[in-house]
Structure formats: structure tokens, C-alpha cells
Protein chains: 2
Amino acid sequence: MKKMENILDKVKFDENGLVVSIVQDIKGEILMVAYMNREAIEETLRTGKMHYYSRSRKKLWMKGEKSGNCQFVKEIYIDCDGDALLFKVEQKLGACHEGYYTCFFRKLENGEFKIVKEKVFEPKEVYK
Amino acid sequence: MKKMENILDKVKFDENGLVVSIVQDIKGEILMVAYMNREAIEETLRTGKMHYYSRSRKKLWMKGEKSGNCQFVKEIYIDCDGDALLFKVEQKLGACHEGYYTCFFRKLENGEFKIVKEKVFEPKEVYK
């Protein structure tokens, strides 16, 4: 598909074939950061749901494939250097496997990171 | 300084001693993504101005050291895994060396990345 090639041609993948992606709630809150390879971008564009490449598990995964907490793509941006992507999404329930809406639930206060968000679901097991 | 150690102990640096950092305008707009090493975090905390590690130039740099377009730190968050940081800042003039307020000035529309932001300054030279 020509359009897919146009998009992927603009992305500068690193030496491991990955690009860093920021995921932001369409209303403005940062949800998470993850890495994508070529296939993850293709699947994200094809399905409209965020897919990533897990560096630890060395495989493609869809956000919510186990938890059901999918991310539906609304807007996509690329940075000036082409080596970072920004996805604005609608997040189902919560992005963090620890039960928070955002993975950035700890804030630096008086020299320590403190939990400043409420859990939105109770994680029953460790899943992504 | 004990507090500095508390903070740095929570950060999981990668095999190159780096951690990815998202920089967000305190009002909500994503400005850029960059990498920090231990020293960049220390200098950022010490001065209140964003410092990064340049992977291409292999050195520490302060945002705005040439352009004057500094970023003043307002809030700092860490993600669940400790391998990503989020800095909320006040951005002077614009973050992007191409003259835009944000580095994410190109948006995917009808299969192509199109410039969707206005320049806020005219870059006279290539600087960071």
C-alpha cells in the first residue's frame, strides 16, 4: 500500500529497528512511552489500535491484548528528526498494568517520587 | 546529596546509561523527546533548566544554550518501570530548532505527514 510506504519512509528507525513512541490521551494526559518496529506501526495503522514491540519479550504485542484495555488511535504526529512518534489515543479503562490510568503516576515531591494518582482498576495479574 | 541519590536510584538507565524523557508544556502540549544520562538529570535538578545527552555529539547539552530557548522545569514524573521520565516545563519561545513551538509539528493526514503548526521564530542557523 503506497500510503503505508509514504508514512514508514519518514520514520528513522534506530540501529535495532525501533522508534520511540509517546502515547497521549486525546484530552492531553501522557499515558506511556513504548517502542515500535516497522510491523508494530503497520498493525497500528491497519487496525487503529496501538501495537508495540516488546524489547524484553522480543515480540509484537497489542496494547490490551490480555487486559482488554486497548488504545484507539485518533491522531499521529512525527517529530522534526523523524525519530519519535506521538500518538493521541482514546484509552480504555487504564494504560498502566499497575492499575493506573497513566504509567506516569509518580511525581517528584520534596526529593522523592510519590504516587499522585488514584487506581482506576485493580490489576489481578501482571499483564500488559 | 541524599535527595539526588534517592531520585537517581529510581531511574533505570539502559545499557548506554540513558533514559528517555518526554518534555511537555505545563499547559499540555508535547514539545519533544530526548535522552538523559545521569549527569543530565543532575544538572537539570541542580539548575531547574532541562539538560540532555546528545547521542550524536556524545555530550551533555542544555536546551537553549545557543538559542536561548530554555526549558524551565515545573514538574517531574517517572513511569511504572522507571525507564521513562516526564518533565513538565515552561518553554521559552519554541522547542524545535526548525522554529516551531513543538518538535511534533507534522501530523498524519490522508496518508501523509503535513505541517499543521505555525512557526514561532525564524531559525537563523541550525542550533539546538
# chains A, B, ... in the order shown; residues from 1 in each chain; ligands from 1
$ residues_around --residues "Gly28 in chain A" --least-positions-apart "6" --cutoff "12 Å" --atoms "only C-alpha atoms" --output "MDAnalysis selection string"
(chainID A and resid 22 86:91 102) or (chainID B and resid 24:30)
$ closest_atom_pairs --of "chain A" --to "chain B" --cutoff "8 Å" --atoms "only C-alpha atoms" --output "CSV"
residue,atom,partner,partner_atom,distance
A:Lys3,CA,B:Gly111,CA,5.0
A:Met4,CA,B:Gly111,CA,7.0
A:Asn6,CA,B:Glu112,CA,6.6
A:Ile7,CA,B:Glu112,CA,6.2
A:Ile22,CA,B:Ile22,CA,7.7
A:Gly28,CA,B:Gly28,CA,5.7
A:Glu29,CA,B:Gly28,CA,7.3
A:Met32,CA,B:Asp79,CA,7.5
A:Val33,CA,B:Ala84,CA,7.0
A:Glu75,CA,B:Leu108,CA,7.1
A:Ile76,CA,B:Leu108,CA,5.4
A:Tyr77,CA,B:Lys107,CA,4.3
A:Ile78,CA,B:Phe104,CA,5.4
A:Asp79,CA,B:Phe104,CA,4.2
A:Cys80,CA,B:Cys103,CA,5.3
A:Ala84,CA,B:Val33,CA,7.0
A:Leu85,CA,B:Phe104,CA,8.0
A:Leu86,CA,B:Phe104,CA,7.4
A:Cys96,CA,B:Cys80,CA,7.5
A:Glu98,CA,B:Cys80,CA,7.6
A:Cys103,CA,B:Asp79,CA,5.0
A:Phe104,CA,B:Asp79,CA,4.2
A:Phe105,CA,B:Asp79,CA,6.7
A:Arg106,CA,B:Tyr77,CA,5.5
A:Lys107,CA,B:Tyr77,CA,4.3
A:Leu108,CA,B:Ile76,CA,5.4
A:Gly111,CA,B:Lys3,CA,5.1
A:Glu112,CA,B:Ile7,CA,6.2
A:Phe113,CA,B:Ile7,CA,7.2
$ write_last_selection --atoms "N, CA, C and O atoms" --output "mmCIF file, in the first residue's frame"
data_model
loop_
_atom_site.group_PDB
_atom_site.id
_atom_site.type_symbol
_atom_site.label_atom_id
_atom_site.label_comp_id
_atom_site.auth_asym_id
_atom_site.auth_seq_id
_atom_site.Cartn_x
_atom_site.Cartn_y
_atom_site.Cartn_z
ATOM 1 N N LYS A 3 0.388 4.442 0.572
ATOM 2 C CA LYS A 3 0.311 5.364 1.702
ATOM 3 C C LYS A 3 1.123 4.876 2.893
ATOM 4 O O LYS A 3 1.785 5.647 3.572
ATOM 5 N N MET A 4 1.053 3.575 3.138
ATOM 6 C CA MET A 4 1.800 2.988 4.253
ATOM 7 C C MET A 4 3.296 3.213 4.049
ATOM 8 O O MET A 4 4.020 3.537 4.980
ATOM 9 N N ASN A 6 4.701 5.625 2.288
ATOM 10 C CA ASN A 6 4.959 7.059 2.486
ATOM 11 C C ASN A 6 5.212 7.366 3.960
ATOM 12 O O ASN A 6 6.097 8.134 4.305
ATOM 13 N N ILE A 7 4.390 6.759 4.791
ATOM 14 C CA ILE A 7 4.488 7.006 6.231
ATOM 15 C C ILE A 7 5.773 6.407 6.785
ATOM 16 O O ILE A 7 6.556 7.068 7.455
ATOM 17 N N ILE A 22 5.447 8.175 21.954
ATOM 18 C CA ILE A 22 4.741 8.724 23.105
ATOM 19 C C ILE A 22 3.260 8.489 22.881
ATOM 20 O O ILE A 22 2.759 8.702 21.775
ATOM 21 N N GLY A 28 -5.112 15.123 26.613
ATOM 22 C CA GLY A 28 -3.868 15.789 26.986
ATOM 23 C C GLY A 28 -2.934 15.052 27.936
ATOM 24 O O GLY A 28 -1.756 15.372 28.006
ATOM 25 N N GLU A 29 -3.443 14.070 28.679
ATOM 26 C CA GLU A 29 -2.573 13.390 29.652
ATOM 27 C C GLU A 29 -1.633 12.391 28.956
ATOM 28 O O GLU A 29 -2.054 11.619 28.094
ATOM 29 N N MET A 32 1.897 6.779 28.362
ATOM 30 C CA MET A 32 3.023 5.856 28.387
ATOM 31 C C MET A 32 4.000 6.158 27.256
ATOM 32 O O MET A 32 3.709 6.952 26.367
ATOM 33 N N VAL A 33 5.128 5.502 27.333
ATOM 34 C CA VAL A 33 6.131 5.544 26.267
ATOM 35 C C VAL A 33 6.432 4.097 25.905
ATOM 36 O O VAL A 33 6.538 3.251 26.800
ATOM 37 N N GLU A 75 -4.982 10.513 16.484
ATOM 38 C CA GLU A 75 -4.100 11.390 15.709
ATOM 39 C C GLU A 75 -2.674 10.857 15.804
ATOM 40 O O GLU A 75 -2.297 10.263 16.819
ATOM 41 N N ILE A 76 -1.882 11.102 14.756
ATOM 42 C CA ILE A 76 -0.482 10.668 14.735
ATOM 43 C C ILE A 76 0.408 11.833 14.291
ATOM 44 O O ILE A 76 0.107 12.483 13.284
ATOM 45 N N TYR A 77 1.476 12.064 15.033
ATOM 46 C CA TYR A 77 2.441 13.124 14.711
ATOM 47 C C TYR A 77 3.848 12.516 14.651
ATOM 48 O O TYR A 77 4.123 11.496 15.302
ATOM 49 N N ILE A 78 4.717 13.188 13.910
ATOM 50 C CA ILE A 78 6.123 12.766 13.858
ATOM 51 C C ILE A 78 6.975 13.982 14.200
ATOM 52 O O ILE A 78 6.585 15.120 13.906
ATOM 53 N N ASP A 79 8.118 13.757 14.836
ATOM 54 C CA ASP A 79 8.926 14.913 15.234
ATOM 55 C C ASP A 79 9.864 15.359 14.113
ATOM 56 O O ASP A 79 9.953 14.712 13.060
ATOM 57 N N CYS A 80 10.550 16.477 14.356
ATOM 58 C CA CYS A 80 11.374 17.106 13.328
ATOM 59 C C CYS A 80 12.439 16.170 12.764
ATOM 60 O O CYS A 80 12.739 16.210 11.577
ATOM 61 N N ALA A 84 10.929 10.070 16.495
ATOM 62 C CA ALA A 84 9.963 9.896 17.589
ATOM 63 C C ALA A 84 8.564 10.128 17.033
ATOM 64 O O ALA A 84 8.356 10.992 16.176
ATOM 65 N N LEU A 85 7.626 9.338 17.516
ATOM 66 C CA LEU A 85 6.229 9.462 17.099
ATOM 67 C C LEU A 85 5.369 9.830 18.296
ATOM 68 O O LEU A 85 5.700 9.485 19.437
ATOM 69 N N LEU A 86 4.294 10.522 18.020
ATOM 70 C CA LEU A 86 3.330 10.875 19.065
ATOM 71 C C LEU A 86 1.959 10.389 18.609
ATOM 72 O O LEU A 86 1.493 10.765 17.531
ATOM 73 N N CYS A 96 -1.882 1.667 32.484
ATOM 74 C CA CYS A 96 -0.796 1.061 33.265
ATOM 75 C C CYS A 96 -1.181 -0.302 33.823
ATOM 76 O O CYS A 96 -2.266 -0.463 34.386
ATOM 77 N N GLU A 98 -0.259 -1.534 36.353
ATOM 78 C CA GLU A 98 -0.397 -1.492 37.814
ATOM 79 C C GLU A 98 -1.763 -0.940 38.237
ATOM 80 O O GLU A 98 -2.023 -0.784 39.437
ATOM 81 N N CYS A 103 0.867 5.553 33.080
ATOM 82 C CA CYS A 103 2.058 4.931 33.683
ATOM 83 C C CYS A 103 2.857 5.952 34.504
ATOM 84 O O CYS A 103 3.660 5.573 35.345
ATOM 85 N N PHE A 104 2.624 7.241 34.256
ATOM 86 C CA PHE A 104 3.349 8.294 34.989
ATOM 87 C C PHE A 104 2.527 8.719 36.209
ATOM 88 O O PHE A 104 2.019 9.842 36.261
ATOM 89 N N PHE A 105 2.401 7.824 37.165
ATOM 90 C CA PHE A 105 1.566 8.098 38.336
ATOM 91 C C PHE A 105 2.401 8.509 39.552
ATOM 92 O O PHE A 105 1.856 8.768 40.617
ATOM 93 N N ARG A 106 3.718 8.584 39.369
ATOM 94 C CA ARG A 106 4.600 9.028 40.456
ATOM 95 C C ARG A 106 5.248 10.356 40.110
ATOM 96 O O ARG A 106 5.852 10.497 39.050
ATOM 97 N N LYS A 107 5.123 11.291 41.019
ATOM 98 C CA LYS A 107 5.607 12.657 40.807
ATOM 99 C C LYS A 107 6.681 12.991 41.844
ATOM 100 O O LYS A 107 6.565 12.569 43.011
ATOM 101 N N LEU A 108 7.665 13.738 41.401
ATOM 102 C CA LEU A 108 8.724 14.156 42.319
ATOM 103 C C LEU A 108 8.215 15.275 43.241
ATOM 104 O O LEU A 108 7.796 16.334 42.771
ATOM 105 N N GLY A 111 11.940 15.827 46.832
ATOM 106 C CA GLY A 111 13.063 14.910 46.640
ATOM 107 C C GLY A 111 12.715 13.438 46.558
ATOM 108 O O GLY A 111 13.605 12.587 46.528
ATOM 109 N N GLU A 112 11.410 13.112 46.514
ATOM 110 C CA GLU A 112 11.015 11.701 46.393
ATOM 111 C C GLU A 112 9.865 11.547 45.415
ATOM 112 O O GLU A 112 9.005 12.423 45.326
ATOM 113 N N PHE A 113 9.853 10.401 44.740
ATOM 114 C CA PHE A 113 8.723 10.128 43.852
ATOM 115 C C PHE A 113 7.561 9.591 44.675
ATOM 116 O O PHE A 113 7.696 8.588 45.380
#
$ residues_around --residues "range 63-70 of chain A" --least-positions-apart "4" --cutoff "8 Å" --atoms "only C-alpha atoms" --output "number ranges by chain"
A: 49-52, 91-95, 127-128
$ residues_around --residues "Met36 in chain A" --least-positions-apart "2" --cutoff "6 Å" --atoms "only C-alpha atoms" --output "number ranges by chain"
A: 18-19, 40, 52-53
$ write_last_selection --atoms "N, CA, C and O atoms" --output "PDB file, in the first residue's frame"
ATOM      1  N   LEU A  18      13.931   0.178  15.816  1.00  0.00           N
ATOM      2  CA  LEU A  18      12.843   0.668  16.676  1.00  0.00           C
ATOM      3  C   LEU A  18      12.742   2.187  16.643  1.00  0.00           C
ATOM      4  O   LEU A  18      13.711   2.892  16.340  1.00  0.00           O
ATOM      5  N   VAL A  19      11.554   2.658  16.985  1.00  0.00           N
ATOM      6  CA  VAL A  19      11.335   4.099  17.136  1.00  0.00           C
ATOM      7  C   VAL A  19      10.546   4.307  18.428  1.00  0.00           C
ATOM      8  O   VAL A  19       9.681   3.499  18.774  1.00  0.00           O
ATOM      9  N   ALA A  40       4.919  -3.093  14.014  1.00  0.00           N
ATOM     10  CA  ALA A  40       4.007  -2.518  15.021  1.00  0.00           C
ATOM     11  C   ALA A  40       3.288  -1.289  14.440  1.00  0.00           C
ATOM     12  O   ALA A  40       2.088  -1.093  14.679  1.00  0.00           O
ATOM     13  N   TYR A  52       2.816  -2.490  19.774  1.00  0.00           N
ATOM     14  CA  TYR A  52       4.191  -2.146  20.149  1.00  0.00           C
ATOM     15  C   TYR A  52       5.115  -3.334  19.923  1.00  0.00           C
ATOM     16  O   TYR A  52       4.666  -4.454  19.703  1.00  0.00           O
ATOM     17  N   TYR A  53       6.413  -3.039  20.046  1.00  0.00           N
ATOM     18  CA  TYR A  53       7.386  -4.126  20.046  1.00  0.00           C
ATOM     19  C   TYR A  53       7.981  -4.211  21.440  1.00  0.00           C
ATOM     20  O   TYR A  53       8.503  -3.224  21.966  1.00  0.00           O
TER      21      TYR A  53
END
$ select_by_dssp --residues "chain A" --states "strand (DSSP E)" --output "ChimeraX atom specification"
/A:19-25,30-36,51-54,59-62,71-78,84-91,106-109,112-115
$ atom_distance --atom1 "CA of Asp14 in chain A" --atom2 "CA of Val73 in chain B"
28.3 Å
$ atom_distance --atom1 "CA of Val23 in chain B" --atom2 "CA of Lys74 in chain B"
10.8 Å
$ decode --residues "range 33-55 of chain A" --atoms "N, CA, C and O atoms" --output "mmCIF file, in the first residue's frame"
data_model
loop_
_atom_site.group_PDB
_atom_site.id
_atom_site.type_symbol
_atom_site.label_atom_id
_atom_site.label_comp_id
_atom_site.auth_asym_id
_atom_site.auth_seq_id
_atom_site.Cartn_x
_atom_site.Cartn_y
_atom_site.Cartn_z
ATOM 1 N N VAL A 33 5.128 5.502 27.333
ATOM 2 C CA VAL A 33 6.131 5.544 26.267
ATOM 3 C C VAL A 33 6.432 4.097 25.905
ATOM 4 O O VAL A 33 6.538 3.251 26.800
ATOM 5 N N ALA A 34 6.549 3.800 24.636
ATOM 6 C CA ALA A 34 6.900 2.434 24.241
ATOM 7 C C ALA A 34 7.611 2.479 22.892
ATOM 8 O O ALA A 34 7.689 3.540 22.260
ATOM 9 N N TYR A 35 8.134 1.353 22.507
ATOM 10 C CA TYR A 35 8.865 1.286 21.244
ATOM 11 C C TYR A 35 8.063 0.525 20.195
ATOM 12 O O TYR A 35 7.304 -0.387 20.518
ATOM 13 N N MET A 36 8.244 0.942 18.951
ATOM 14 C CA MET A 36 7.569 0.293 17.830
ATOM 15 C C MET A 36 8.605 -0.082 16.777
ATOM 16 O O MET A 36 9.564 0.666 16.562
ATOM 17 N N ASN A 37 8.390 -1.227 16.157
ATOM 18 C CA ASN A 37 9.174 -1.549 14.970
ATOM 19 C C ASN A 37 8.262 -1.332 13.753
ATOM 20 O O ASN A 37 7.122 -0.877 13.898
ATOM 21 N N ARG A 38 8.772 -1.638 12.605
ATOM 22 C CA ARG A 38 8.009 -1.415 11.365
ATOM 23 C C ARG A 38 6.656 -2.137 11.418
ATOM 24 O O ARG A 38 5.622 -1.568 11.079
ATOM 25 N N GLU A 39 6.694 -3.379 11.874
ATOM 26 C CA GLU A 39 5.468 -4.185 11.907
ATOM 27 C C GLU A 39 4.444 -3.602 12.890
ATOM 28 O O GLU A 39 3.235 -3.620 12.623
ATOM 29 N N ALA A 40 4.919 -3.093 14.014
ATOM 30 C CA ALA A 40 4.007 -2.518 15.021
ATOM 31 C C ALA A 40 3.288 -1.289 14.440
ATOM 32 O O ALA A 40 2.088 -1.093 14.679
ATOM 33 N N ILE A 41 4.033 -0.485 13.678
ATOM 34 C CA ILE A 41 3.402 0.684 13.048
ATOM 35 C C ILE A 41 2.381 0.232 12.007
ATOM 36 O O ILE A 41 1.264 0.739 11.945
ATOM 37 N N GLU A 42 2.764 -0.744 11.205
ATOM 38 C CA GLU A 42 1.854 -1.253 10.171
ATOM 39 C C GLU A 42 0.554 -1.774 10.793
ATOM 40 O O GLU A 42 -0.538 -1.461 10.325
ATOM 41 N N GLU A 43 0.694 -2.551 11.872
ATOM 42 C CA GLU A 43 -0.503 -3.126 12.515
ATOM 43 C C GLU A 43 -1.349 -2.047 13.175
ATOM 44 O O GLU A 43 -2.576 -2.134 13.193
ATOM 45 N N THR A 44 -0.688 -1.050 13.733
ATOM 46 C CA THR A 44 -1.407 0.077 14.354
ATOM 47 C C THR A 44 -2.217 0.831 13.304
ATOM 48 O O THR A 44 -3.397 1.145 13.517
ATOM 49 N N LEU A 45 -1.599 1.087 12.162
ATOM 50 C CA LEU A 45 -2.294 1.808 11.094
ATOM 51 C C LEU A 45 -3.414 0.955 10.496
ATOM 52 O O LEU A 45 -4.488 1.453 10.172
ATOM 53 N N ARG A 46 -3.171 -0.328 10.395
ATOM 54 C CA ARG A 46 -4.150 -1.236 9.778
ATOM 55 C C ARG A 46 -5.386 -1.407 10.656
ATOM 56 O O ARG A 46 -6.517 -1.409 10.164
ATOM 57 N N THR A 47 -5.151 -1.514 11.985
ATOM 58 C CA THR A 47 -6.259 -1.848 12.894
ATOM 59 C C THR A 47 -6.824 -0.638 13.641
ATOM 60 O O THR A 47 -7.925 -0.716 14.177
ATOM 61 N N GLY A 48 -6.030 0.444 13.715
ATOM 62 C CA GLY A 48 -6.475 1.592 14.509
ATOM 63 C C GLY A 48 -6.281 1.396 16.005
ATOM 64 O O GLY A 48 -6.715 2.228 16.801
ATOM 65 N N LYS A 49 -5.630 0.308 16.373
ATOM 66 C CA LYS A 49 -5.316 0.056 17.787
ATOM 67 C C LYS A 49 -3.799 0.000 17.961
ATOM 68 O O LYS A 49 -3.094 -0.588 17.133
ATOM 69 N N MET A 50 -3.326 0.555 19.072
ATOM 70 C CA MET A 50 -1.885 0.643 19.300
ATOM 71 C C MET A 50 -1.244 -0.737 19.445
ATOM 72 O O MET A 50 -1.687 -1.562 20.238
ATOM 73 N N HIS A 51 -0.179 -0.942 18.667
ATOM 74 C CA HIS A 51 0.663 -2.137 18.749
ATOM 75 C C HIS A 51 2.093 -1.679 19.045
ATOM 76 O O HIS A 51 2.516 -0.622 18.563
ATOM 77 N N TYR A 52 2.816 -2.490 19.774
ATOM 78 C CA TYR A 52 4.191 -2.146 20.149
ATOM 79 C C TYR A 52 5.115 -3.334 19.923
ATOM 80 O O TYR A 52 4.666 -4.454 19.703
ATOM 81 N N TYR A 53 6.413 -3.039 20.046
ATOM 82 C CA TYR A 53 7.386 -4.126 20.046
ATOM 83 C C TYR A 53 7.981 -4.211 21.440
ATOM 84 O O TYR A 53 8.503 -3.224 21.966
ATOM 85 N N SER A 54 7.861 -5.362 22.049
ATOM 86 C CA SER A 54 8.432 -5.559 23.384
ATOM 87 C C SER A 54 9.902 -5.929 23.266
ATOM 88 O O SER A 54 10.244 -6.964 22.675
ATOM 89 N N ARG A 55 10.767 -5.074 23.824
ATOM 90 C CA ARG A 55 12.202 -5.349 23.773
ATOM 91 C C ARG A 55 12.583 -6.504 24.685
ATOM 92 O O ARG A 55 13.511 -7.247 24.404
#
